[in-house]
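Asks: One file is attached below, work-v3.txt, containing compact mmCIF, C-alpha atoms (C1' of nucleotides).
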# COMPACT_ATOMS: atom_id res chain seq x y z
CA MET A 1295 -7.19 -34.90 -2.32
CA PRO A 1296 -10.02 -37.48 -2.31
CA PRO A 1297 -11.37 -38.67 -5.64
CA ALA A 1298 -13.99 -36.46 -7.17
CA ALA A 1299 -17.60 -37.57 -6.85
CA PRO A 1300 -20.39 -36.86 -9.31
CA SER A 1301 -21.99 -33.55 -8.44
CA ASP A 1302 -25.53 -34.93 -8.50
CA VAL A 1303 -25.04 -37.16 -5.47
CA PRO A 1304 -24.23 -36.13 -1.91
CA PRO A 1305 -20.48 -35.78 -1.42
CA ALA A 1306 -18.66 -38.18 0.82
CA VAL A 1307 -18.47 -36.92 4.37
CA PRO A 1308 -16.59 -37.99 7.46
CA ALA A 1309 -18.37 -40.84 9.21
CA ASN A 1310 -19.00 -38.76 12.30
CA ILE A 1311 -20.61 -35.89 10.40
CA ARG A 1312 -24.10 -36.44 9.11
CA LEU A 1313 -25.55 -34.20 6.47
CA GLY A 1314 -29.06 -35.18 7.48
CA GLY A 1315 -31.73 -37.63 6.50
CA PRO A 1316 -34.87 -39.20 7.85
CA ALA A 1317 -33.07 -40.47 10.96
CA ASP A 1318 -32.08 -36.90 11.82
CA VAL A 1319 -35.55 -35.41 11.81
CA PRO A 1320 -36.09 -33.59 15.10
CA ALA A 1321 -38.81 -34.80 17.41
CA ASP A 1322 -40.98 -31.75 16.83
CA VAL A 1323 -41.68 -32.73 13.24
CA PRO A 1324 -44.90 -34.78 13.16
CA VAL A 1325 -44.43 -38.29 11.84
CA ASP A 1326 -47.36 -37.79 9.53
CA ALA A 1327 -45.88 -34.65 7.97
CA PRO A 1328 -45.54 -34.66 4.19
CA ALA A 1329 -42.58 -36.67 3.06
CA ASP A 1330 -40.78 -33.72 1.54
CA ALA A 1331 -40.94 -31.86 4.85
CA ARG A 1332 -38.86 -34.58 6.45
CA ALA A 1333 -36.44 -35.36 3.65
CA ASP A 1334 -33.29 -33.33 3.34
CA ALA A 1335 -32.55 -31.44 0.20
CA SER A 1336 -29.46 -32.77 -1.55
CA PRO A 1337 -26.22 -30.85 -0.96
CA ALA A 1338 -26.16 -30.01 -4.66
CA ASP A 1339 -29.61 -28.44 -4.36
CA VAL A 1340 -28.62 -26.54 -1.24
CA ARG A 1341 -25.52 -25.20 -2.94
CA GLU A 1342 -27.48 -24.15 -6.01
CA ARG A 1343 -29.91 -22.19 -3.90
CA VAL A 1344 -27.12 -20.44 -2.00
CA VAL A 1345 -25.37 -19.54 -5.25
CA ALA A 1346 -28.64 -18.25 -6.73
CA TRP A 1347 -29.13 -16.13 -3.61
CA PHE A 1348 -25.56 -14.86 -3.98
CA ASP A 1349 -26.12 -13.82 -7.59
CA GLU A 1350 -29.01 -11.68 -6.37
CA HIS A 1351 -27.61 -10.23 -3.15
CA ARG A 1352 -23.83 -10.10 -3.45
CA ARG A 1353 -22.12 -6.93 -2.29
CA ASP A 1354 -20.35 -4.90 -4.94
CA LEU A 1355 -16.91 -4.95 -3.33
CA PRO A 1356 -13.96 -3.51 -5.26
CA TRP A 1357 -11.80 -6.64 -4.96
CA ARG A 1358 -14.60 -8.53 -6.73
CA ALA A 1359 -14.74 -6.18 -9.73
CA PRO A 1360 -14.12 -7.72 -13.16
CA ASP A 1361 -10.91 -5.72 -13.52
CA ARG A 1362 -9.49 -6.99 -10.24
CA THR A 1363 -5.96 -8.35 -10.12
CA ALA A 1364 -4.67 -11.35 -8.20
CA TRP A 1365 -2.48 -8.97 -6.22
CA GLY A 1366 -5.52 -6.86 -5.35
CA VAL A 1367 -7.30 -9.97 -4.12
CA LEU A 1368 -4.30 -10.95 -2.02
CA VAL A 1369 -4.07 -7.44 -0.52
CA SER A 1370 -7.76 -7.55 0.35
CA GLU A 1371 -7.46 -10.94 2.01
CA VAL A 1372 -4.55 -9.86 4.19
CA MET A 1373 -6.41 -6.70 5.20
CA LEU A 1374 -9.51 -8.76 5.96
CA GLN A 1375 -7.65 -11.01 8.40
CA GLN A 1376 -9.59 -9.98 11.51
CA THR A 1377 -10.65 -6.57 10.19
CA PRO A 1378 -14.29 -6.06 9.09
CA VAL A 1379 -15.16 -5.37 5.43
CA VAL A 1380 -16.57 -1.90 6.09
CA ARG A 1381 -13.24 -0.73 7.46
CA VAL A 1382 -11.12 -2.46 4.84
CA GLU A 1383 -12.90 -1.14 1.76
CA PRO A 1384 -11.72 2.51 1.86
CA ALA A 1385 -8.24 1.49 2.99
CA TRP A 1386 -7.99 -1.01 0.14
CA ARG A 1387 -9.01 1.59 -2.45
CA ALA A 1388 -6.40 4.08 -1.25
CA TRP A 1389 -3.74 1.37 -0.95
CA MET A 1390 -4.27 -0.02 -4.43
CA ALA A 1391 -4.36 3.45 -5.98
CA ARG A 1392 -0.98 4.16 -4.41
CA TRP A 1393 0.69 0.76 -4.86
CA PRO A 1394 -1.13 -1.11 -7.65
CA THR A 1395 1.43 -3.90 -8.11
CA PRO A 1396 3.73 -6.00 -5.93
CA ALA A 1397 6.71 -4.11 -7.37
CA ASP A 1398 5.19 -0.80 -6.26
CA LEU A 1399 4.73 -1.98 -2.69
CA ALA A 1400 8.14 -3.67 -2.64
CA ALA A 1401 9.77 -0.33 -3.47
CA ALA A 1402 7.82 1.72 -0.93
CA GLY A 1403 9.22 3.03 2.34
CA THR A 1404 8.15 0.82 5.24
CA ASP A 1405 7.26 3.89 7.30
CA GLU A 1406 4.79 4.98 4.63
CA VAL A 1407 3.40 1.44 4.41
CA LEU A 1408 2.75 1.44 8.15
CA ARG A 1409 1.16 4.89 7.98
CA ALA A 1410 -1.09 3.79 5.13
CA TRP A 1411 -2.10 0.73 7.15
CA ASP A 1412 -3.38 3.28 9.66
CA ARG A 1413 -5.78 1.75 12.18
CA LEU A 1414 -6.60 -1.52 10.44
CA GLY A 1415 -5.04 -3.29 13.40
CA TYR A 1416 -2.33 -5.94 13.76
CA PRO A 1417 0.29 -3.83 11.92
CA ARG A 1418 2.59 -6.85 11.61
CA ARG A 1419 0.27 -7.74 8.73
CA ALA A 1420 1.44 -4.61 6.89
CA LEU A 1421 5.04 -5.62 7.40
CA ARG A 1422 4.35 -9.11 6.10
CA LEU A 1423 2.38 -7.76 3.15
CA GLN A 1424 5.38 -5.75 2.05
CA GLU A 1425 7.64 -8.79 2.56
CA CYS A 1426 5.10 -10.75 0.55
CA ALA A 1427 5.28 -8.19 -2.28
CA ARG A 1428 9.05 -8.50 -2.32
CA ALA A 1429 8.84 -12.30 -2.38
CA VAL A 1430 6.36 -12.19 -5.27
CA VAL A 1431 8.74 -9.94 -7.20
CA GLU A 1432 11.86 -11.97 -6.41
CA ARG A 1433 10.51 -15.52 -6.61
CA HIS A 1434 7.68 -15.15 -9.09
CA GLY A 1435 8.62 -12.27 -11.36
CA GLY A 1436 5.94 -10.03 -9.93
CA THR A 1437 3.04 -12.41 -10.56
CA VAL A 1438 1.06 -13.82 -7.63
CA PRO A 1439 1.57 -17.61 -7.74
CA ALA A 1440 -1.39 -19.88 -8.47
CA THR A 1441 -0.49 -22.97 -6.48
CA ALA A 1442 -1.24 -23.67 -2.83
CA ASP A 1443 2.36 -24.54 -1.95
CA GLU A 1444 3.78 -21.36 -3.45
CA LEU A 1445 1.09 -19.20 -1.85
CA LEU A 1446 1.56 -20.79 1.57
CA ALA A 1447 5.28 -20.04 1.37
CA LEU A 1448 4.57 -16.30 1.19
CA PRO A 1449 4.79 -14.24 4.40
CA GLY A 1450 1.42 -13.69 6.05
CA VAL A 1451 -0.36 -16.25 3.88
CA GLY A 1452 -1.99 -19.17 5.70
CA SER A 1453 -4.47 -21.81 4.61
CA TYR A 1454 -7.42 -19.45 4.44
CA THR A 1455 -5.68 -16.74 2.43
CA ALA A 1456 -4.09 -19.25 0.05
CA GLY A 1457 -7.48 -20.82 -0.63
CA ALA A 1458 -9.14 -17.44 -1.07
CA VAL A 1459 -6.57 -16.32 -3.65
CA LEU A 1460 -6.80 -19.61 -5.54
CA SER A 1461 -10.57 -19.42 -5.57
CA PHE A 1462 -11.36 -15.71 -5.93
CA ALA A 1463 -8.42 -14.61 -8.06
CA TYR A 1464 -7.80 -17.71 -10.16
CA GLY A 1465 -11.17 -19.47 -10.09
CA ARG A 1466 -9.60 -22.67 -8.87
CA ARG A 1467 -11.21 -25.32 -6.68
CA ALA A 1468 -9.94 -24.74 -3.14
CA VAL A 1469 -11.22 -25.04 0.41
CA VAL A 1470 -11.97 -21.53 1.65
CA LEU A 1471 -12.69 -21.89 5.33
CA ASP A 1472 -13.08 -18.53 7.01
CA THR A 1473 -15.18 -17.63 10.03
CA ASN A 1474 -18.26 -17.12 7.83
CA VAL A 1475 -18.05 -20.45 6.02
CA ARG A 1476 -17.26 -22.22 9.29
CA ARG A 1477 -20.43 -20.81 10.82
CA VAL A 1478 -22.60 -21.63 7.79
CA LEU A 1479 -21.38 -25.24 7.77
CA ALA A 1480 -21.69 -25.55 11.54
CA ARG A 1481 -25.35 -24.59 11.34
CA LEU A 1482 -26.37 -26.02 8.00
CA ALA A 1483 -24.50 -29.33 8.07
CA VAL A 1484 -23.67 -30.00 11.71
CA GLY A 1485 -26.57 -28.36 13.53
CA GLU A 1486 -24.57 -26.28 15.99
CA ALA A 1487 -25.03 -22.59 16.70
CA LEU A 1488 -21.38 -21.71 16.22
CA PRO A 1489 -18.17 -23.47 15.21
CA GLY A 1490 -15.51 -24.25 17.78
CA PRO A 1491 -12.70 -21.88 18.71
CA ALA A 1492 -10.25 -23.29 16.14
CA VAL A 1493 -10.50 -25.01 12.76
CA THR A 1494 -10.40 -28.79 13.13
CA ALA A 1495 -9.44 -31.49 10.66
CA VAL A 1496 -13.05 -32.68 10.67
CA GLU A 1497 -14.20 -29.21 9.66
CA THR A 1498 -11.71 -29.06 6.82
CA ARG A 1499 -12.90 -32.44 5.56
CA LEU A 1500 -16.50 -31.28 5.80
CA ALA A 1501 -15.70 -28.16 3.76
CA GLU A 1502 -13.89 -30.31 1.23
CA ALA A 1503 -16.91 -32.63 1.00
CA TRP A 1504 -19.21 -29.70 0.30
CA LEU A 1505 -16.98 -28.29 -2.43
CA PRO A 1506 -18.30 -28.88 -5.96
CA ASP A 1507 -15.98 -30.86 -8.19
CA ASP A 1508 -15.49 -28.28 -10.90
CA ASP A 1509 -13.37 -25.16 -10.55
CA LEU A 1510 -16.06 -22.64 -11.43
CA GLY A 1511 -18.69 -24.30 -9.25
CA ALA A 1512 -16.30 -24.52 -6.33
CA ALA A 1513 -15.31 -20.86 -6.64
CA ARG A 1514 -18.94 -19.78 -6.81
CA TRP A 1515 -19.86 -21.89 -3.78
CA ALA A 1516 -16.91 -20.51 -1.81
CA ALA A 1517 -17.91 -16.92 -2.49
CA ALA A 1518 -21.61 -17.58 -1.99
CA SER A 1519 -21.31 -19.49 1.27
CA MET A 1520 -18.99 -16.84 2.66
CA GLU A 1521 -21.38 -14.06 1.67
CA LEU A 1522 -24.30 -15.93 3.21
CA GLY A 1523 -22.39 -16.07 6.48
CA ALA A 1524 -21.56 -12.37 6.28
CA LEU A 1525 -25.03 -11.10 5.42
CA VAL A 1526 -27.61 -13.65 6.63
CA CYS A 1527 -26.09 -16.43 8.70
CA THR A 1528 -24.43 -13.97 11.06
CA ALA A 1529 -22.93 -14.78 14.43
CA ARG A 1530 -25.50 -12.81 16.36
CA SER A 1531 -29.11 -12.31 15.32
CA PRO A 1532 -28.99 -14.43 12.16
CA ARG A 1533 -31.62 -13.45 9.60
CA CYS A 1534 -33.01 -16.91 9.06
CA ALA A 1535 -36.21 -15.55 7.47
CA ALA A 1536 -34.06 -14.26 4.61
CA CYS A 1537 -32.05 -17.48 4.26
CA PRO A 1538 -32.47 -19.41 1.01
CA VAL A 1539 -31.80 -22.74 2.72
CA GLU A 1540 -33.47 -22.38 6.11
CA ASP A 1541 -35.54 -25.51 5.43
CA ALA A 1542 -32.34 -27.53 4.99
CA CYS A 1543 -30.56 -26.13 8.05
CA ARG A 1544 -29.85 -28.73 10.71
CA TRP A 1545 -29.49 -26.03 13.38
CA ARG A 1546 -32.95 -24.61 12.61
CA ARG A 1547 -34.44 -28.08 12.45
CA ALA A 1548 -33.00 -28.78 15.89
CA GLY A 1549 -34.77 -25.70 17.23
CA SER A 1550 -31.81 -23.28 17.11
CA PRO A 1551 -30.05 -24.65 20.21
CA PRO A 1552 -27.57 -22.34 21.99
CA ASP A 1553 -23.82 -22.41 21.45
CA ALA A 1554 -22.57 -25.79 22.61
CA HIS A 1555 -19.02 -24.70 23.36
CA ALA A 1556 -19.56 -21.22 24.71
CA HIS A 1557 -17.78 -22.32 27.87
CA ARG A 1558 -14.58 -22.85 25.88
CA ARG A 1559 -14.41 -19.37 24.44
CA ARG A 1560 -12.23 -16.82 26.06
CA THR A 1561 -12.70 -13.18 25.32
CA GLN A 1562 -9.59 -11.19 24.55
CA ALA A 1563 -8.67 -8.72 27.24
CA TRP A 1564 -7.85 -5.26 26.00
CA THR A 1565 -7.62 -2.54 28.65
CA GLY A 1566 -4.17 -2.43 30.18
CA THR A 1567 -2.72 -5.12 27.92
CA ASP A 1568 0.50 -4.94 25.97
CA ARG A 1569 -1.60 -4.75 22.82
CA GLN A 1570 -3.14 -1.50 24.01
CA VAL A 1571 0.28 -0.08 24.84
CA ARG A 1572 1.71 -1.14 21.49
CA GLY A 1573 -1.27 0.41 19.75
CA ARG A 1574 -0.68 3.75 21.45
CA VAL A 1575 3.01 3.77 20.55
CA MET A 1576 2.30 2.90 16.93
CA ALA A 1577 -0.39 5.58 16.69
CA LEU A 1578 2.05 8.17 18.02
CA LEU A 1579 4.81 7.18 15.62
CA ARG A 1580 2.44 7.05 12.64
CA GLU A 1581 1.38 10.61 13.24
CA ALA A 1582 4.87 11.95 13.86
CA PRO A 1583 6.81 13.17 10.81
CA GLY A 1584 10.10 11.83 12.18
CA PRO A 1585 11.78 10.29 15.23
CA VAL A 1586 10.01 10.86 18.55
CA PRO A 1587 12.16 11.50 21.67
CA ALA A 1588 11.86 8.93 24.44
CA HIS A 1589 10.33 11.39 26.90
CA VAL A 1590 7.48 12.01 24.45
CA VAL A 1591 6.95 8.28 23.88
CA ALA A 1592 6.82 7.95 27.66
CA GLY A 1593 3.60 9.97 27.57
CA THR A 1594 1.78 7.11 25.87
CA TRP A 1595 1.81 4.87 28.95
CA PRO A 1596 2.59 5.59 32.62
CA ASP A 1597 3.95 2.16 33.62
CA ARG A 1598 7.64 2.32 32.72
CA VAL A 1599 8.24 -1.42 32.92
CA GLN A 1600 5.35 -2.30 30.66
CA ARG A 1601 6.12 0.56 28.28
CA GLU A 1602 9.73 -0.49 27.83
CA ARG A 1603 8.80 -4.12 27.44
CA CYS A 1604 6.42 -3.17 24.65
CA LEU A 1605 8.95 -0.89 22.96
CA ALA A 1606 11.50 -3.69 22.97
CA ALA A 1607 8.94 -6.07 21.50
CA LEU A 1608 7.99 -3.58 18.79
CA VAL A 1609 11.66 -3.19 17.89
CA ALA A 1610 12.08 -6.97 17.81
CA ASP A 1611 9.03 -7.22 15.57
CA GLY A 1612 10.50 -4.70 13.14
CA LEU A 1613 7.69 -2.23 13.66
CA VAL A 1614 9.83 0.37 15.42
CA VAL A 1615 13.49 1.42 15.24
CA GLU A 1616 15.44 2.97 18.08
CA GLN A 1617 17.79 5.83 17.30
CA ALA A 1618 20.45 6.94 19.76
CA GLY A 1619 21.53 10.47 20.48
CA ALA A 1620 20.10 12.48 17.61
CA GLY A 1621 19.42 15.53 19.79
CA GLU A 1622 21.67 17.86 21.76
CA ASP A 1623 21.03 15.94 24.98
CA ASP A 1624 21.75 12.52 23.41
CA GLU A 1625 18.21 11.36 24.17
CA VAL A 1626 17.08 8.13 22.55
CA ALA A 1627 14.32 8.48 19.94
CA TYR A 1628 11.91 6.07 18.28
CA ALA A 1629 10.62 6.00 14.72
CA LEU A 1630 8.93 3.84 12.13
CA PRO A 1631 11.41 1.79 10.07
CA ARG A 1632 12.36 3.27 6.71
C1' DA B 1013 -3.23 -26.81 21.50
C1' DA B 1014 -2.68 -22.27 23.18
C1' DA B 1015 -1.17 -17.65 23.33
C1' DG B 1016 -0.14 -13.20 21.29
C1' DC B 1017 -1.42 -9.71 18.26
C1' DG B 1018 -5.43 -3.88 17.11
C1' DG B 1019 -9.04 -1.54 16.78
C1' DG B 1020 -13.71 -0.20 16.36
C1' DG B 1021 -18.68 -0.84 16.10
C1' DA B 1022 -22.88 -3.29 17.67
C1' DC B 1023 -25.36 -4.76 21.53
C1' DG C 1116 -19.04 -3.91 29.96
C1' DT C 1117 -18.98 -8.26 26.06
C1' DC C 1118 -18.69 -10.03 21.49
C1' DC C 1119 -17.14 -10.21 16.93
C1' DC C 1120 -14.55 -9.42 12.74
C1' DA C 1121 -12.82 -13.08 4.94
C1' DG C 1122 -6.34 -15.32 10.58
C1' DC C 1123 -1.31 -15.93 10.98
C1' DT C 1124 2.74 -17.04 13.59
C1' DT C 1125 5.20 -18.76 17.33
C1' DT C 1126 5.72 -21.55 21.34
Rewrite the structure from the file as structure tokens, please.

Replies:
Amino acid sequence: MPPAAPSDVPPAVPANIRLGGPADVPADVPVDAPADARADASPADVRERVVAWFDEHRRDLPWRAPDRTAWGVLVSEVMLQQTPVVRVEPAWRAWMARWPTPADLAAAGTDEVLRAWDRLGYPRRALRLQECARAVVERHGGTVPATADELLALPGVGSYTAGAVLSFAYGRRAVVLDTNVRRVLARLAVGEALPGPAVTAVETRLAEAWLPDDDLGAARWAAASMELGALVCTARSPRCAACPVEDACRWRRAGSPPDAHAHRRRTQAWTGTDRQVRGRVMALLREAPGPVPAHVVAGTWPDRVQRERCLAALVADGLVVEQAGAGEDDEVAYALPR
DNA sequence: AAAGCGGGGAC
DNA sequence: GTCCCAGCTTT
């Protein structure tokens, strides 16, 4: 970690990333404009304004409540990996009411865990969350660890989730670089419409440079910048008129240019993919009270080759178990793992 | 670095 | 139809 800098001066940034300054003023700003219309606000000032906005406009989400637990924060972060907040909130409430602690989830039946995950998507996350609960119980006595290395060693926890738990649950200084923060920094600090398809080392260094030096300040900035991205600095139709730092935004100053790397994005196919087939099989097994005979599973997808490939993959993933010959006709059946 | 992995709502 | 969502894991 680079040495801490005083919080009243701009943080060090990678040489190829400019935070702004007189040389960066776009051509459409008259040279005889007032000086303060051409000078950038300091990063500390920008952060303060975003945090002040956050204090006023933050959503009242249950995993932010004063009585939240570190485990509750971790559960929310795993659920929020690619699933929108509005869909996670009710699922999180039901989940935490049923399994409040890692020990509770560790002891649950995996079939019930997968049913409770319902349609949040990417059900491997539910499997990993239960493995994570068991690891927390076995390695850490049931307490969510508070170091990056220990968090990253947990199943389903990557750099984002580890940083989020450190910051939101423990109030520690940590880079929290999700899709919202990436977009805010891309616009505010870099001047691009959207970040690239994957997190880069330069981006991580930029996020680190913007992080206040103190734990509390860093945690507040992490939450505030993420919320700004979720509510104002949105991917489509950003509400710049409501933004507390529009005047300091390099993207706005540049005239809101279009996405520079749109040509590198590839939209995920859905119809007819293995993911669709897997989703249908999992939906069927979630709703069934017990094992489902193969001829019923066959009704989920007409293409036998693709269907069997997906079933085999689901079994390999641990999301489905195959049971032989339970019925009178010795037909194979499929079920959720116990 | 790229691919695979769910599902639904907004446009 | 396309795009996007508090990403992680494997190749």

Asks: May I have the residues within 12 Å of range 1339-1352 of chain A as a VMD selection string, using all atoms listed in the file and disregarding those fewer than 5 positions away in the same chain?

Replies: chain A and resid 1301 to 1305 1313 1334 1358 to 1359 1478 to 1479 1482 to 1483 1504 to 1506 1510 to 1527 1536 to 1543

Asks: Would you export the selected residues with C-alpha atoms as a short mmCIF file (atom, residue, chain, number, x, y, z; two decimals), in the frame of the given file, please?

Replies:
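Result written to again_7.cif:
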data_model
loop_
_atom_site.label_atom_id
_atom_site.label_comp_id
_atom_site.auth_asym_id
_atom_site.auth_seq_id
_atom_site.Cartn_x
_atom_site.Cartn_y
_atom_site.Cartn_z
CA SER A 1301 -21.99 -33.55 -8.44
CA ASP A 1302 -25.53 -34.93 -8.50
CA VAL A 1303 -25.04 -37.16 -5.47
CA PRO A 1304 -24.23 -36.13 -1.91
CA PRO A 1305 -20.48 -35.78 -1.42
CA LEU A 1313 -25.55 -34.20 6.47
CA ASP A 1334 -33.29 -33.33 3.34
CA ARG A 1358 -14.60 -8.53 -6.73
CA ALA A 1359 -14.74 -6.18 -9.73
CA VAL A 1478 -22.60 -21.63 7.79
CA LEU A 1479 -21.38 -25.24 7.77
CA LEU A 1482 -26.37 -26.02 8.00
CA ALA A 1483 -24.50 -29.33 8.07
CA TRP A 1504 -19.21 -29.70 0.30
CA LEU A 1505 -16.98 -28.29 -2.43
CA PRO A 1506 -18.30 -28.88 -5.96
CA LEU A 1510 -16.06 -22.64 -11.43
CA GLY A 1511 -18.69 -24.30 -9.25
CA ALA A 1512 -16.30 -24.52 -6.33
CA ALA A 1513 -15.31 -20.86 -6.64
CA ARG A 1514 -18.94 -19.78 -6.81
CA TRP A 1515 -19.86 -21.89 -3.78
CA ALA A 1516 -16.91 -20.51 -1.81
CA ALA A 1517 -17.91 -16.92 -2.49
CA ALA A 1518 -21.61 -17.58 -1.99
CA SER A 1519 -21.31 -19.49 1.27
CA MET A 1520 -18.99 -16.84 2.66
CA GLU A 1521 -21.38 -14.06 1.67
CA LEU A 1522 -24.30 -15.93 3.21
CA GLY A 1523 -22.39 -16.07 6.48
CA ALA A 1524 -21.56 -12.37 6.28
CA LEU A 1525 -25.03 -11.10 5.42
CA VAL A 1526 -27.61 -13.65 6.63
CA CYS A 1527 -26.09 -16.43 8.70
CA ALA A 1536 -34.06 -14.26 4.61
CA CYS A 1537 -32.05 -17.48 4.26
CA PRO A 1538 -32.47 -19.41 1.01
CA VAL A 1539 -31.80 -22.74 2.72
CA GLU A 1540 -33.47 -22.38 6.11
CA ASP A 1541 -35.54 -25.51 5.43
CA ALA A 1542 -32.34 -27.53 4.99
CA CYS A 1543 -30.56 -26.13 8.05
#

Asks: Which chain A residues are at most 8 Å from chain B (counting all atoms listed in the file), as a ChimeraX atom specification?

Replies: /A:1413-1417,1569-1570,1573

Asks: Just how far from CA of Pro1587 in chain A is CA of Val1571 in chain A, in Å to one decimal?

Replies: 16.9 Å

Asks: Taking only residues of chain A that have an atom at most 10 Å from an atom of chain C, what is each one's shortest atom pair and its distance in Å to one decimal, using all atoms listed in the file, in chain and number order, as a Markdown table?

Replies:
| residue | atom | partner | partner_atom | distance |
| --- | --- | --- | --- | --- |
| A:Ser1370 | CA | C:DA1121 | C1' | 8.8 |
| A:Glu1371 | CA | C:DA1121 | C1' | 6.5 |
| A:Val1372 | CA | C:DG1122 | C1' | 8.6 |
| A:Met1373 | CA | C:DA1121 | C1' | 9.0 |
| A:Leu1374 | CA | C:DA1121 | C1' | 5.5 |
| A:Gln1375 | CA | C:DG1122 | C1' | 5.0 |
| A:Gln1376 | CA | C:DC1120 | C1' | 5.1 |
| A:Thr1377 | CA | C:DC1120 | C1' | 5.5 |
| A:Pro1378 | CA | C:DC1120 | C1' | 5.0 |
| A:Val1379 | CA | C:DA1121 | C1' | 8.1 |
| A:Arg1418 | CA | C:DC1123 | C1' | 9.9 |
| A:Arg1419 | CA | C:DC1123 | C1' | 8.6 |
| A:Pro1449 | CA | C:DC1123 | C1' | 9.1 |
| A:Gly1450 | CA | C:DC1123 | C1' | 6.1 |
| A:Val1451 | CA | C:DC1123 | C1' | 7.2 |
| A:Gly1452 | CA | C:DC1123 | C1' | 6.2 |
| A:Ser1453 | CA | C:DG1122 | C1' | 9.0 |
| A:Tyr1454 | CA | C:DG1122 | C1' | 7.5 |
| A:Thr1455 | CA | C:DG1122 | C1' | 8.3 |
| A:Ala1458 | CA | C:DA1121 | C1' | 8.3 |
| A:Val1470 | CA | C:DA1121 | C1' | 9.1 |
| A:Leu1471 | CA | C:DA1121 | C1' | 8.8 |
| A:Asp1472 | CA | C:DA1121 | C1' | 5.8 |
| A:Thr1473 | CA | C:DA1121 | C1' | 7.2 |
| A:Asn1474 | CA | C:DA1121 | C1' | 7.4 |
| A:Val1475 | CA | C:DA1121 | C1' | 9.1 |
| A:Ala1517 | CA | C:DA1121 | C1' | 9.8 |
| A:Met1520 | CA | C:DA1121 | C1' | 7.6 |
| A:Glu1521 | CA | C:DA1121 | C1' | 9.2 |
| A:Ala1524 | CA | C:DA1121 | C1' | 8.9 |
| A:Ala1529 | CA | C:DC1119 | C1' | 7.8 |
| A:Arg1530 | CA | C:DC1119 | C1' | 8.8 |
| A:Thr1561 | CA | C:DC1118 | C1' | 7.8 |
| A:Gln1562 | CA | C:DC1118 | C1' | 9.7 |

Asks: Ranking A:Glu1486, A:Asp1508, A:Glu1425, A:Asp1568 by minimum distance to Pro1552 in chain A and counting only C-alpha atoms, which one comes first?

Replies: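 Smallest separation from Pro1552 in chain A among the options: A:Glu1486.
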
Asks: Using Å and a single decimal, report how far CA of Val1431 in chain A sits from CA of Arg1580 in chain A.

Replies: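 CA of Val1431 in chain A lies at a distance of 26.9 Å from CA of Arg1580 in chain A.
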